[in-house]
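Undergrad: Okay, so here is work22.cif, and as you'll see once you scroll down, it has mmCIF, C-alpha atoms.
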```
data_final
#
loop_
_atom_site.label_atom_id
_atom_site.label_comp_id
_atom_site.auth_asym_id
_atom_site.auth_seq_id
_atom_site.Cartn_x
_atom_site.Cartn_y
_atom_site.Cartn_z
CA MET A 41 69.30 72.61 -43.54
CA ILE A 42 66.01 71.08 -42.36
CA ASP A 43 62.95 72.29 -44.18
CA ARG A 44 60.53 73.56 -41.48
CA SER A 45 57.52 74.09 -43.71
CA PRO A 46 54.34 72.46 -42.35
CA SER A 47 53.99 70.01 -45.21
CA SER A 48 57.56 68.79 -45.01
CA LEU A 49 57.32 68.51 -41.21
CA VAL A 50 54.20 66.38 -41.58
CA LYS A 51 56.00 64.22 -44.13
CA ALA A 52 59.11 63.86 -41.96
CA VAL A 53 57.13 62.97 -38.81
CA SER A 54 54.97 60.49 -40.71
CA ARG A 55 58.11 58.79 -41.97
CA GLN A 56 59.61 58.80 -38.48
CA LEU A 57 56.47 57.22 -36.99
CA GLN A 58 56.68 54.26 -39.35
CA ASP A 59 59.38 52.96 -37.03
CA VAL A 60 57.26 53.21 -33.86
CA MET A 61 56.26 49.66 -33.03
CA ASP A 62 53.28 48.31 -31.11
CA PRO A 63 54.75 47.29 -27.73
CA GLU A 64 52.73 44.05 -27.67
CA LEU A 65 53.26 43.15 -31.34
CA THR A 66 56.79 44.36 -31.83
CA PHE A 67 56.92 43.38 -35.50
CA LEU A 68 54.07 45.76 -36.37
CA SER A 69 54.19 49.54 -36.46
CA VAL A 70 51.45 51.77 -35.09
CA THR A 71 50.85 52.79 -38.70
CA ASP A 72 50.37 49.13 -39.77
CA MET A 73 47.90 48.68 -36.92
CA GLY A 74 45.79 51.69 -37.88
CA ILE A 75 46.41 53.16 -34.42
CA LEU A 76 48.03 56.28 -35.88
CA ARG A 77 45.09 58.04 -37.53
CA ASP A 78 46.62 61.29 -38.69
CA VAL A 79 49.65 63.56 -38.60
CA LYS A 80 48.74 67.22 -39.03
CA PHE A 81 50.16 70.69 -38.49
CA GLU A 82 48.07 72.81 -36.14
CA ASN A 83 48.72 76.02 -34.19
CA GLY A 84 52.37 76.05 -35.17
CA HIS A 85 53.24 72.46 -34.28
CA ILE A 86 52.76 68.85 -35.26
CA VAL A 87 49.80 66.91 -33.83
CA CYS A 88 49.83 63.11 -34.00
CA VAL A 89 46.34 61.65 -33.72
CA ILE A 90 46.10 58.16 -32.25
CA THR A 91 43.15 55.99 -31.24
CA PRO A 92 43.15 53.19 -28.64
CA THR A 93 42.39 49.66 -29.78
CA TYR A 94 40.52 48.56 -26.61
CA SER A 95 39.34 51.06 -23.94
CA GLY A 96 41.58 49.61 -21.25
CA CYS A 97 44.54 48.44 -23.33
CA PRO A 98 47.66 49.39 -21.34
CA ALA A 99 49.65 49.51 -24.59
CA THR A 100 47.86 52.72 -25.54
CA GLU A 101 49.75 54.69 -22.92
CA VAL A 102 53.10 53.30 -24.06
CA ILE A 103 52.23 53.94 -27.69
CA SER A 104 51.28 57.51 -26.87
CA GLU A 105 54.66 58.08 -25.18
CA ASP A 106 56.59 56.39 -27.99
CA VAL A 107 54.82 58.40 -30.68
CA LEU A 108 55.43 61.64 -28.79
CA LYS A 109 59.12 60.87 -28.35
CA ALA A 110 59.58 59.99 -32.02
CA ALA A 111 57.65 63.03 -33.24
CA ARG A 112 59.59 65.40 -30.97
CA GLU A 113 62.84 64.33 -32.58
CA ILE A 114 61.57 66.19 -35.66
CA ASP A 115 59.39 68.85 -34.04
CA PRO A 116 60.19 69.56 -30.36
CA ASP A 117 56.71 71.09 -29.91
CA ALA A 118 54.83 68.07 -31.25
CA GLU A 119 51.78 66.87 -29.32
CA VAL A 120 49.73 63.68 -29.26
CA GLU A 121 45.95 63.75 -29.38
CA VAL A 122 43.94 60.65 -28.43
CA VAL A 123 40.57 60.35 -30.15
CA LEU A 124 37.92 57.71 -29.47
CA SER A 125 35.68 58.32 -32.45
CA PRO A 126 35.45 56.70 -34.91
CA ALA A 127 36.17 53.62 -32.81
CA TRP A 128 39.20 51.58 -33.88
CA THR A 129 38.43 48.47 -35.87
CA THR A 130 40.52 45.55 -37.08
CA ASP A 131 39.33 46.52 -40.58
CA TRP A 132 42.05 49.20 -40.42
CA ILE A 133 44.87 46.66 -40.07
CA SER A 134 46.73 46.61 -43.37
CA LEU A 135 47.03 43.50 -45.52
CA GLU A 136 50.78 43.62 -45.09
CA ALA A 137 50.34 43.68 -41.30
CA ARG A 138 48.05 40.64 -41.47
CA GLU A 139 50.73 38.75 -43.38
CA LYS A 140 53.32 39.74 -40.76
CA MET A 141 51.01 38.41 -38.02
CA THR A 142 50.75 35.01 -39.73
CA ALA A 143 54.52 34.92 -40.20
CA ASN A 144 54.88 35.56 -36.46
CA GLY A 145 52.49 32.80 -35.40
CA ILE A 146 49.39 34.92 -34.78
CA ALA A 147 46.26 34.20 -36.82
CA PRO A 148 45.10 37.58 -38.19
CA PRO A 149 41.47 38.80 -37.99
CA GLU A 150 39.26 37.16 -40.59
CA GLY A 151 36.51 38.98 -42.43
CA SER A 152 34.85 42.24 -41.51
CA SER A 153 34.13 43.56 -38.02
CA HIS A 154 30.53 44.13 -39.15
CA ASP A 155 30.03 40.38 -39.34
CA LYS A 156 28.48 39.20 -36.06
CA ALA A 157 29.58 35.58 -36.63
CA PHE A 158 33.04 36.47 -35.34
CA LEU A 159 31.61 36.62 -31.83
CA THR A 160 30.43 33.08 -31.65
CA GLY A 161 33.13 31.60 -33.85
CA ASP A 162 30.33 30.00 -35.87
CA GLY A 163 30.77 30.02 -39.61
CA HIS A 164 34.40 31.08 -39.49
CA THR A 165 37.41 28.82 -39.51
CA ILE A 166 40.61 30.33 -38.24
CA PRO A 167 43.49 28.55 -40.01
CA CYS A 168 46.49 27.57 -37.92
CA PRO A 169 49.24 30.14 -38.59
CA ILE A 170 51.87 27.43 -38.14
CA CYS A 171 50.74 24.38 -40.16
CA LYS A 172 47.87 26.11 -42.07
CA SER A 173 45.37 23.40 -41.09
CA LYS A 174 41.76 24.49 -40.84
CA GLU A 175 41.11 21.96 -38.05
CA THR A 176 41.40 24.44 -35.20
CA LYS A 177 39.46 24.95 -32.00
CA LEU A 178 38.60 28.05 -29.96
CA ILE A 179 39.85 27.58 -26.40
CA SER A 180 38.81 30.98 -25.09
CA PRO A 181 37.68 34.25 -26.68
CA PHE A 182 40.21 35.96 -24.38
CA GLY A 183 44.00 35.79 -24.42
CA SER A 184 47.29 37.34 -23.39
CA THR A 185 46.20 40.83 -24.47
CA PRO A 186 42.69 42.31 -24.86
CA CYS A 187 42.90 41.95 -28.65
CA LYS A 188 43.62 38.22 -28.82
CA ALA A 189 41.73 34.92 -28.44
CA SER A 190 43.29 31.55 -27.61
CA PHE A 191 43.12 28.65 -30.10
CA THR A 192 44.56 25.19 -30.46
CA CYS A 193 45.34 23.43 -33.73
CA ASN A 194 43.91 19.89 -33.87
CA ALA A 195 46.38 18.93 -36.61
CA CYS A 196 49.76 20.06 -35.27
CA LEU A 197 48.48 20.33 -31.66
CA GLU A 198 50.16 23.71 -31.20
CA PRO A 199 48.34 26.39 -29.24
CA PHE A 200 48.19 29.75 -31.03
CA GLU A 201 46.65 33.17 -30.68
CA HIS A 202 44.12 34.77 -32.96
CA PHE A 203 43.82 38.52 -33.33
CA LYS A 204 40.09 39.00 -32.74
CA CYS A 205 37.87 40.64 -35.28
CA PHE A 206 36.74 43.80 -33.55
CA MET B 217 27.13 64.39 -14.86
CA HIS B 218 25.03 62.05 -12.66
CA ALA B 219 24.22 59.84 -15.62
CA LEU B 220 27.91 59.56 -16.53
CA LEU B 221 28.86 58.79 -12.92
CA ARG B 222 26.40 55.90 -12.92
CA LEU B 223 27.93 54.50 -16.10
CA GLY B 224 31.44 54.87 -14.74
CA ASP B 225 30.60 53.47 -11.31
CA ASP B 226 28.84 50.38 -12.72
CA ALA B 227 31.95 49.61 -14.76
CA LEU B 228 34.44 50.41 -11.99
CA VAL B 229 32.80 48.41 -9.22
CA LEU B 230 32.26 45.37 -11.43
CA ALA B 231 35.85 45.59 -12.70
CA GLN B 232 37.18 45.62 -9.14
CA ARG B 233 35.07 42.56 -8.30
CA LEU B 234 36.27 40.68 -11.39
CA GLY B 235 39.86 41.61 -10.58
CA GLU B 236 39.49 39.68 -7.32
CA TRP B 237 39.44 36.52 -9.46
CA CYS B 238 42.98 37.15 -10.66
CA GLY B 239 44.95 34.01 -9.79
CA HIS B 240 41.86 32.28 -8.32
CA ALA B 241 39.62 31.31 -11.26
CA PRO B 242 38.82 27.61 -11.78
CA ALA B 243 40.90 27.43 -14.98
CA LEU B 244 43.67 29.52 -16.49
CA GLU B 245 41.50 30.48 -19.48
CA GLU B 246 38.79 31.81 -17.18
CA ASP B 247 41.31 33.66 -15.06
CA ILE B 248 42.43 35.41 -18.23
CA ALA B 249 38.87 35.95 -19.44
CA LEU B 250 37.57 37.50 -16.22
CA THR B 251 40.56 39.82 -15.84
CA ASN B 252 40.40 40.80 -19.52
CA ILE B 253 36.76 41.76 -19.03
CA ALA B 254 37.82 43.71 -15.94
CA LEU B 255 40.44 45.50 -18.02
CA ASP B 256 37.87 46.54 -20.64
CA LEU B 257 35.62 47.82 -17.85
CA ILE B 258 38.47 49.78 -16.27
CA GLY B 259 39.10 51.41 -19.65
CA GLN B 260 35.43 52.34 -19.93
CA THR B 261 35.53 53.65 -16.36
CA GLN B 262 38.48 55.92 -17.14
CA SER B 263 36.62 57.41 -20.10
CA TYR B 264 33.26 57.86 -18.36
CA LEU B 265 34.68 59.19 -15.08
CA SER B 266 37.07 61.57 -16.85
CA LEU B 267 34.13 62.99 -18.75
CA ALA B 268 31.93 63.12 -15.63
CA GLY B 269 34.73 64.77 -13.63
CA SER B 270 35.28 67.45 -16.27
CA LEU B 271 31.61 68.43 -15.92
CA ASP B 272 31.64 68.76 -12.11
CA PRO B 273 29.92 72.09 -11.34
CA ASP B 274 32.02 72.73 -8.19
CA ALA B 275 35.54 71.85 -9.33
CA PRO B 276 36.72 69.61 -12.19
CA LYS B 277 37.94 66.23 -10.97
CA THR B 278 40.10 63.54 -12.52
CA ASP B 279 39.00 59.96 -13.02
CA ASP B 280 41.42 58.87 -10.25
CA GLU B 281 39.99 61.41 -7.79
CA LEU B 282 36.48 60.14 -8.48
CA ALA B 283 37.51 56.49 -8.20
CA PHE B 284 39.71 56.68 -5.12
CA LEU B 285 38.53 59.65 -3.07
CA ARG B 286 34.78 59.30 -2.96
CA SER B 287 33.03 57.62 -0.06
CA GLU B 288 30.56 54.78 -0.30
CA SER B 289 27.45 56.98 -0.40
CA GLU B 290 28.90 58.95 -3.31
CA PHE B 291 29.09 55.85 -5.52
CA LYS B 292 26.05 55.49 -7.79
CA ASN B 293 26.53 51.98 -9.13
CA LEU B 294 23.86 49.28 -9.25
CA LEU B 295 23.67 47.04 -6.19
CA LEU B 296 24.00 44.07 -8.56
CA VAL B 297 27.60 44.81 -9.55
CA GLU B 298 28.86 45.27 -5.99
CA GLN B 299 27.66 41.83 -4.84
CA SER B 300 30.57 39.64 -3.81
CA ASN B 301 31.93 37.08 -6.26
CA GLY B 302 30.60 33.96 -4.53
CA HIS B 303 31.51 30.87 -6.54
CA PHE B 304 32.26 30.96 -10.28
CA GLY B 305 28.58 30.43 -11.16
CA ASP B 306 27.55 33.40 -9.00
CA THR B 307 30.08 35.58 -10.80
CA ILE B 308 28.88 34.38 -14.22
CA ALA B 309 25.22 34.95 -13.28
CA ARG B 310 25.98 38.50 -12.10
CA GLN B 311 27.93 39.13 -15.31
CA PHE B 312 25.20 37.71 -17.55
CA LEU B 313 22.41 39.80 -15.98
CA PHE B 314 24.54 42.94 -16.18
CA ASP B 315 26.10 42.38 -19.64
CA GLN B 316 22.74 42.14 -21.38
CA TYR B 317 21.65 45.42 -19.76
CA ALA B 318 25.01 47.15 -20.32
CA LEU B 319 25.02 46.16 -23.98
CA LEU B 320 21.56 47.59 -24.68
CA ARG B 321 22.40 50.77 -22.75
CA ALA B 322 25.71 51.24 -24.59
CA GLU B 323 24.05 50.63 -27.96
CA HIS B 324 21.64 53.47 -27.20
CA LEU B 325 24.41 55.75 -25.95
CA ALA B 326 26.50 55.12 -29.06
CA GLN B 327 23.58 56.20 -31.28
CA GLN B 328 22.42 59.32 -29.42
CA THR B 329 23.63 62.78 -30.42
CA PHE B 330 22.95 64.69 -27.17
CA ASP B 331 26.48 64.05 -25.87
CA LEU B 332 28.97 63.11 -28.58
CA ASP B 333 31.80 62.42 -26.13
CA ALA B 334 29.64 59.85 -24.35
CA ALA B 335 28.65 58.44 -27.76
CA ALA B 336 32.31 57.93 -28.69
CA ILE B 337 33.04 56.11 -25.41
CA ALA B 338 29.95 53.95 -25.81
CA ALA B 339 30.77 53.08 -29.43
CA LYS B 340 34.00 51.49 -28.24
CA ALA B 341 32.32 49.93 -25.22
CA VAL B 342 29.65 48.25 -27.38
CA LYS B 343 32.29 46.24 -29.21
CA GLU B 344 33.83 45.11 -25.94
CA ILE B 345 30.56 44.31 -24.15
CA ARG B 346 29.46 42.14 -27.12
CA TYR B 347 32.36 39.85 -26.29
CA HIS B 348 31.53 39.93 -22.58
CA ALA B 349 27.85 39.15 -23.21
CA ALA B 350 28.69 36.30 -25.59
CA HIS B 351 31.05 34.86 -22.99
CA SER B 352 28.67 35.05 -20.02
CA SER B 353 25.70 33.75 -22.06
CA LYS B 354 27.70 30.75 -23.23
CA TRP B 355 28.65 29.93 -19.65
CA ILE B 356 25.02 30.21 -18.50
CA ILE B 357 24.05 27.72 -21.19
CA ARG B 358 26.99 25.42 -20.47
CA LEU B 359 26.30 25.35 -16.73
CA GLY B 360 22.50 25.27 -16.97
CA ASP B 361 22.46 22.55 -19.61
CA GLY B 362 25.40 20.74 -18.01
CA THR B 363 25.31 18.29 -15.11
CA SER B 364 22.55 18.18 -12.49
CA GLU B 365 25.02 19.74 -10.05
CA SER B 366 25.96 22.66 -12.32
CA HIS B 367 22.29 23.10 -13.29
CA SER B 368 21.04 23.43 -9.73
CA ARG B 369 23.90 25.67 -8.66
CA ILE B 370 23.59 28.16 -11.56
CA GLN B 371 19.79 28.20 -11.08
CA LYS B 372 20.37 29.17 -7.45
CA SER B 373 22.85 31.87 -8.51
CA ILE B 374 20.25 33.41 -10.85
CA ASP B 375 17.55 33.10 -8.17
CA ASP B 376 19.76 34.76 -5.53
CA LEU B 377 20.67 37.72 -7.76
CA TRP B 378 17.25 38.25 -9.29
CA ALA B 379 16.15 40.74 -6.61
CA PHE B 380 18.90 43.08 -7.84
CA THR B 381 17.70 43.17 -11.46
CA GLY B 382 14.77 45.51 -10.84
CA GLU B 383 17.09 48.39 -10.06
CA MET B 384 18.42 48.42 -13.62
CA PHE B 385 14.99 49.46 -14.91
CA ALA B 386 13.64 51.52 -11.98
CA ALA B 387 13.70 54.96 -13.60
CA ASP B 388 14.28 57.91 -11.27
CA ASP B 389 14.62 61.66 -11.98
CA VAL B 390 18.09 61.30 -13.51
CA ASP B 391 16.92 58.54 -15.85
CA ILE B 392 13.78 60.38 -16.86
CA ALA B 393 15.57 63.70 -17.48
CA GLY B 394 18.34 61.86 -19.36
CA SER B 395 15.82 59.97 -21.43
CA ILE B 396 13.90 63.13 -22.36
CA ALA B 397 17.15 64.83 -23.37
CA GLY B 398 17.98 61.79 -25.49
CA LEU B 399 21.16 60.83 -23.66
CA LEU B 400 19.77 57.82 -21.81
CA PRO B 401 17.52 55.08 -23.12
CA ASP B 402 13.88 54.73 -22.09
CA LEU B 403 14.24 52.08 -19.39
CA SER B 404 10.87 50.46 -19.96
CA ALA B 405 11.74 49.89 -23.63
CA LEU B 406 15.16 48.63 -22.56
CA LYS B 407 13.52 46.15 -20.17
CA THR B 408 11.43 44.67 -22.98
CA GLN B 409 14.58 44.01 -25.00
CA TRP B 410 16.45 42.70 -21.95
CA ASP B 411 13.61 40.28 -21.17
CA VAL B 412 13.78 38.80 -24.67
CA GLU B 413 17.50 38.11 -24.49
CA ILE B 414 17.44 36.84 -20.89
CA ASP B 415 14.51 34.52 -21.66
CA ARG B 416 16.20 33.19 -24.81
CA VAL B 417 19.42 32.29 -22.99
CA LEU B 418 17.68 30.88 -19.90
CA ALA B 419 15.48 28.69 -22.11
CA GLU B 420 18.50 27.34 -23.99
CA ALA B 421 20.18 26.75 -20.64
CA THR B 422 17.07 24.81 -19.43
CA LEU B 423 16.85 27.26 -16.52
CA VAL B 424 13.72 28.79 -15.02
CA ARG B 425 13.30 32.54 -14.99
CA PRO B 426 12.66 33.57 -11.38
CA LYS B 427 9.41 35.32 -10.52
CA ASP B 428 9.71 39.06 -9.93
CA GLY B 429 9.38 39.66 -6.18
CA ALA B 430 10.38 42.63 -4.06
CA MET B 431 13.34 44.29 -5.78
CA LYS B 432 16.29 45.77 -3.93
CA THR B 433 17.24 49.32 -4.91
CA GLY B 434 19.32 52.17 -3.50
CA GLY B 435 22.62 52.04 -5.36
CA ARG B 436 21.66 54.89 -7.71
CA THR B 437 21.15 57.20 -4.74
CA GLY B 438 24.20 55.98 -2.83
CA VAL B 439 22.45 53.62 -0.41
CA HIS B 440 24.47 50.45 -0.80
CA THR B 441 24.58 46.91 0.54
CA GLU B 442 27.32 46.15 3.06
CA GLU B 443 29.37 44.55 0.27
CA LEU B 444 30.52 47.87 -1.20
CA GLY B 445 32.16 49.38 1.88
CA THR B 446 34.66 46.58 2.39
CA MET B 447 35.43 46.49 -1.34
CA LEU B 448 36.13 50.23 -1.45
CA ALA B 449 38.29 50.02 1.67
CA GLU B 450 40.58 47.62 -0.15
CA MET B 451 40.44 49.48 -3.46
CA GLN B 452 41.11 52.91 -1.99
CA ILE B 453 43.57 52.22 0.82
CA LEU B 454 46.73 53.14 -1.05
CA PRO B 455 45.73 56.57 -2.45
CA ARG B 456 44.00 57.43 0.83
CA THR B 457 46.97 56.43 3.00
CA HIS B 458 49.55 58.01 0.71
CA PRO B 459 47.83 60.95 -1.02
CA GLY B 460 49.42 61.72 -4.40
CA ALA B 461 51.53 58.54 -4.36
CA SER B 462 53.02 57.55 -7.70
CA TRP B 463 55.46 55.00 -9.01
#
```
Here is a file; write its structure as structure tokens.
TA:
Amino acid sequence: MIDRSPSSLVKAVSRQLQDVMDPELTFLSVTDMGILRDVKFENGHIVCVITPTYSGCPATEVISEDVLKAAREIDPDAEVEVVLSPAWTTDWISLEAREKMTANGIAPPEGSSHDKAFLTGDGHTIPCPICKSKETKLISPFGSTPCKASFTCNACLEPFEHFKCF
Amino acid sequence: MHALLRLGDDALVLAQRLGEWCGHAPALEEDIALTNIALDLIGQTQSYLSLAGSLDPDAPKTDDELAFLRSESEFKNLLLVEQSNGHFGDTIARQFLFDQYALLRAEHLAQQTFDLDAAAIAAKAVKEIRYHAAHSSKWIIRLGDGTSESHSRIQKSIDDLWAFTGEMFAADDVDIAGSIAGLLPDLSALKTQWDVEIDRVLAEATLVRPKDGAMKTGGRTGVHTEELGTMLAEMQILPRTHPGASW
């Protein structure tokens, strides 16, 4: 028999949501990304709190639907709440998630989002996730999704994406 | 509500303009950059217009209703952001003049405590606009301090758009009331900060700051240049022709 107590529901939903992946970075879960902020029991049902990465990121809508679907497998009355504050930051991306990014050819965010140098690219070298060379070049601060910048490695000549510090 | 509409309309109209570059920019990287900036602005629009619509004293409206079912005179955006794209330099000049203003305004909004919903939207927007401002400033410098051709063309772009910059700082009743309440920044203080940043970038770009002449205003009260009407016609045709359409 399934334990329906609030605390065990929260635990079960949290476990379930570990398998909900970011639609753009399919090797990372919404928990890894720091997009899932909280799972709580309120007014007799589960509430999953998520926060968008970028204001206009289309993935947010998909993530919201995926989280709702997964949570409702445990609690049919579960709801999703989207909060803007505090604003999402790459500082919330787990160390493990950063390692997964590198393994998948994406250079993870370097340093803290409070460091303004990330904007100009000055003072930060982004190592190539493929050959690990530090001889890399920013091609454009924008990329295939709002969260990524485009780089090229001068050593192995491969283009790669960098998850922007934000 | 009027203050939020202005914020939303500035972002929406500029986003629509930038979206027109999709598939047409001079290089793939710039195509991606301009449309990414448009995407950020659309996201900010959704947040600001949703909030503005929820505060409508007559009947609450959705962000889509405000974006697609208002007429030209009901839009309260700056005349600057509705100006047509021109060539790439014109688009960059428009973006540069606006980004520096939008960044300072969003920084104020993120700090104020009069409207916490607006503060939350602005706190996200600040992070995005920093990237936009860094991008447009770098292009101004690259073009200004580039070849004699790029220098003279970007100087002309700045000169042509300068008459639209006064509107950003021309405080009316909405601005003054918003500023007293704490929601909006004091526009004269904002101008001082804007001047510093504009002058710094123009100097590095070896460009000359145009002299302030007669400034064009009207966008904040819904009196627009002819550019906006044709843009809205294209943007709104689908929801107006097929009300309630979905896919």
Undergrad: Any chance you could resolve the PyMOL selection byres ((chain A) within 10 of (chain B)) against this file and give the residues as JSON, numbers by chain?
TA: {"A": [92, 93, 94, 95, 96, 97, 98, 123, 124, 125, 126, 127, 128, 129, 153, 156, 158, 159, 160, 179, 180, 181, 182, 183, 184, 185, 186, 187, 189, 190, 205, 206]}
Undergrad: How about saving the chosen residues, C-alpha atoms kept, as a PDB file, keeping the file's coordinate frame?
TA:
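Saved result, out.pdb, follows:
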```pdb
ATOM      1  CA  PRO A  92      43.150  53.190 -28.640  1.00  0.00           C
ATOM      2  CA  THR A  93      42.390  49.660 -29.780  1.00  0.00           C
ATOM      3  CA  TYR A  94      40.520  48.560 -26.610  1.00  0.00           C
ATOM      4  CA  SER A  95      39.340  51.060 -23.940  1.00  0.00           C
ATOM      5  CA  GLY A  96      41.580  49.610 -21.250  1.00  0.00           C
ATOM      6  CA  CYS A  97      44.540  48.440 -23.330  1.00  0.00           C
ATOM      7  CA  PRO A  98      47.660  49.390 -21.340  1.00  0.00           C
ATOM      8  CA  VAL A 123      40.570  60.350 -30.150  1.00  0.00           C
ATOM      9  CA  LEU A 124      37.920  57.710 -29.470  1.00  0.00           C
ATOM     10  CA  SER A 125      35.680  58.320 -32.450  1.00  0.00           C
ATOM     11  CA  PRO A 126      35.450  56.700 -34.910  1.00  0.00           C
ATOM     12  CA  ALA A 127      36.170  53.620 -32.810  1.00  0.00           C
ATOM     13  CA  TRP A 128      39.200  51.580 -33.880  1.00  0.00           C
ATOM     14  CA  THR A 129      38.430  48.470 -35.870  1.00  0.00           C
ATOM     15  CA  SER A 153      34.130  43.560 -38.020  1.00  0.00           C
ATOM     16  CA  LYS A 156      28.480  39.200 -36.060  1.00  0.00           C
ATOM     17  CA  PHE A 158      33.040  36.470 -35.340  1.00  0.00           C
ATOM     18  CA  LEU A 159      31.610  36.620 -31.830  1.00  0.00           C
ATOM     19  CA  THR A 160      30.430  33.080 -31.650  1.00  0.00           C
ATOM     20  CA  ILE A 179      39.850  27.580 -26.400  1.00  0.00           C
ATOM     21  CA  SER A 180      38.810  30.980 -25.090  1.00  0.00           C
ATOM     22  CA  PRO A 181      37.680  34.250 -26.680  1.00  0.00           C
ATOM     23  CA  PHE A 182      40.210  35.960 -24.380  1.00  0.00           C
ATOM     24  CA  GLY A 183      44.000  35.790 -24.420  1.00  0.00           C
ATOM     25  CA  SER A 184      47.290  37.340 -23.390  1.00  0.00           C
ATOM     26  CA  THR A 185      46.200  40.830 -24.470  1.00  0.00           C
ATOM     27  CA  PRO A 186      42.690  42.310 -24.860  1.00  0.00           C
ATOM     28  CA  CYS A 187      42.900  41.950 -28.650  1.00  0.00           C
ATOM     29  CA  ALA A 189      41.730  34.920 -28.440  1.00  0.00           C
ATOM     30  CA  SER A 190      43.290  31.550 -27.610  1.00  0.00           C
ATOM     31  CA  CYS A 205      37.870  40.640 -35.280  1.00  0.00           C
ATOM     32  CA  PHE A 206      36.740  43.800 -33.550  1.00  0.00           C
TER      33      PHE A 206
END
```
Undergrad: Neighbouring residues of Gly224 (chain B) were defined as those with any atom within 12 Å, considering all atoms listed in the file; residues of the same chain fewer than 3 positions away were excluded. Please report them as number ranges by chain.
TA: B: 217-221, 227-231, 257-269, 279-280, 282-283, 291-294, 297, 318, 322, 334, 337-338, 341
Undergrad: Around (39.4, 22.2, -33.8), as given in the file, which residues come within 12 Å? Count all atoms listed in the file and list them as a PyMOL selection string.
TA: chain A and resi 161+164-168+173-179+190-200
Undergrad: Would you mind reading off the distance between CA of Val60 (chain A) and CA of Glu105 (chain A), one decimal, in Å?
TA: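 These atoms are spaced 10.3 Å apart.
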Undergrad: I'd like the interatomic distance between CA of Glu443 (chain B) and CA of Ser300 (chain B), to a tenth of an Å.
TA: 6.5 Å
Undergrad: Determine, counting all atoms listed in the file, which protein, DNA and RNA residues have an atom within 10 Å of an atom of Ile356 (chain B); residues of the same chain fewer than 2 positions away are not included. Present the result as a list in words.
TA: Gly305, Ile308, Ala309, Gln311, Phe312, His351, Ser352, Ser353, Lys354, Arg358, Leu359, Gly360, Asp361, Gly362, Ser366, His367, Ile370, Gln371, Ile374, Val417, Leu418, Glu420, Ala421, Thr422 and Leu423 of chain B
Undergrad: What lies within 7 Å of Leu403 (chain B) using only C-alpha atoms, ignoring chain neighbours under 4 positions off, as a compact mmCIF listing (two decimals) with C-alpha atoms, in the coordinates of the input?
TA:
```txt
# COMPACT_ATOMS: atom_id res chain seq x y z
CA PHE B 385 14.99 49.46 -14.91
CA ALA B 387 13.70 54.96 -13.60
CA LYS B 407 13.52 46.15 -20.17
```
Undergrad: Do you know which residues the PyMOL selection byres ((chain A and resi 170) around 8) returns on this file, as a PyMOL selection string?
TA: chain A and resi 142+145+168-169+171-172
Undergrad: Report, in Å with one decimal, the straight-line distance from CA of Asp306 (chain B) to CA of Ser373 (chain B).
TA: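 These atoms are spaced 5.0 Å apart.
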Undergrad: Would you compute, for all listed atoms of region 389-397 of chain B, the axis-aligned bounding box grown by 5 Å on each side, and then report its centre and edge lengths in Å rounded to one decimal, as JSON?
TA:
```
{"center_x": 16.1, "center_y": 61.7, "center_z": -17.7, "size_x": 14.6, "size_y": 16.3, "size_z": 21.4}
```
Undergrad: May I have the residues within 6 Å of region 444-456 of chain B as a list in words, using only C-alpha atoms and disregarding those fewer than 2 positions away in the same chain?
TA: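 These residues fall inside the cut-off: Phe284, Glu298, Glu442, His458 and Pro459 of chain B.
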Undergrad: Store the residues picked out above, limited to C-alpha atoms, as a compact mmCIF listing (two decimals), in the frame of the given file.
TA:
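Contents of the output file selection12.txt:
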```txt
# COMPACT_ATOMS: atom_id res chain seq x y z
CA PHE B 284 39.71 56.68 -5.12
CA GLU B 298 28.86 45.27 -5.99
CA GLU B 442 27.32 46.15 3.06
CA HIS B 458 49.55 58.01 0.71
CA PRO B 459 47.83 60.95 -1.02
```
Undergrad: Can you pull out every residue within 6 Å of region 61-73 of chain A, counting all atoms listed in the file, but drop anything in the same chain fewer than 3 positions away, and send it as number ranges by chain?
TA: A: 76, 133-134, 137
Undergrad: Tell me which residues the PyMOL selection byres ((chain A and resi 85) around 8) grabs here, as a list in words.
TA: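 Matching residues under the PyMOL selection byres ((chain A and resi 85) around 8) are Phe81, Glu82, Asn83, Gly84, Ile86, Val87, Asp115, Asp117, Ala118 and Glu119 of chain A.
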Undergrad: Taking (19.1, 42.2, -10.5) in the file's coordinates, which residues come within 9 Å, counting all atoms listed in the file, written as an mmCIF file with C-alpha atoms, keeping the file's coordinate frame?
TA:
```cif
data_model
loop_
_atom_site.group_PDB
_atom_site.id
_atom_site.type_symbol
_atom_site.label_atom_id
_atom_site.label_comp_id
_atom_site.auth_asym_id
_atom_site.auth_seq_id
_atom_site.Cartn_x
_atom_site.Cartn_y
_atom_site.Cartn_z
ATOM 1 C CA LEU B 294 23.860 49.280 -9.250
ATOM 2 C CA LEU B 295 23.670 47.040 -6.190
ATOM 3 C CA LEU B 296 24.000 44.070 -8.560
ATOM 4 C CA VAL B 297 27.600 44.810 -9.550
ATOM 5 C CA ARG B 310 25.980 38.500 -12.100
ATOM 6 C CA LEU B 313 22.410 39.800 -15.980
ATOM 7 C CA PHE B 314 24.540 42.940 -16.180
ATOM 8 C CA ILE B 374 20.250 33.410 -10.850
ATOM 9 C CA ASP B 376 19.760 34.760 -5.530
ATOM 10 C CA LEU B 377 20.670 37.720 -7.760
ATOM 11 C CA TRP B 378 17.250 38.250 -9.290
ATOM 12 C CA ALA B 379 16.150 40.740 -6.610
ATOM 13 C CA PHE B 380 18.900 43.080 -7.840
ATOM 14 C CA THR B 381 17.700 43.170 -11.460
ATOM 15 C CA GLY B 382 14.770 45.510 -10.840
ATOM 16 C CA GLU B 383 17.090 48.390 -10.060
ATOM 17 C CA MET B 384 18.420 48.420 -13.620
ATOM 18 C CA MET B 431 13.340 44.290 -5.780
ATOM 19 C CA LYS B 432 16.290 45.770 -3.930
#
```
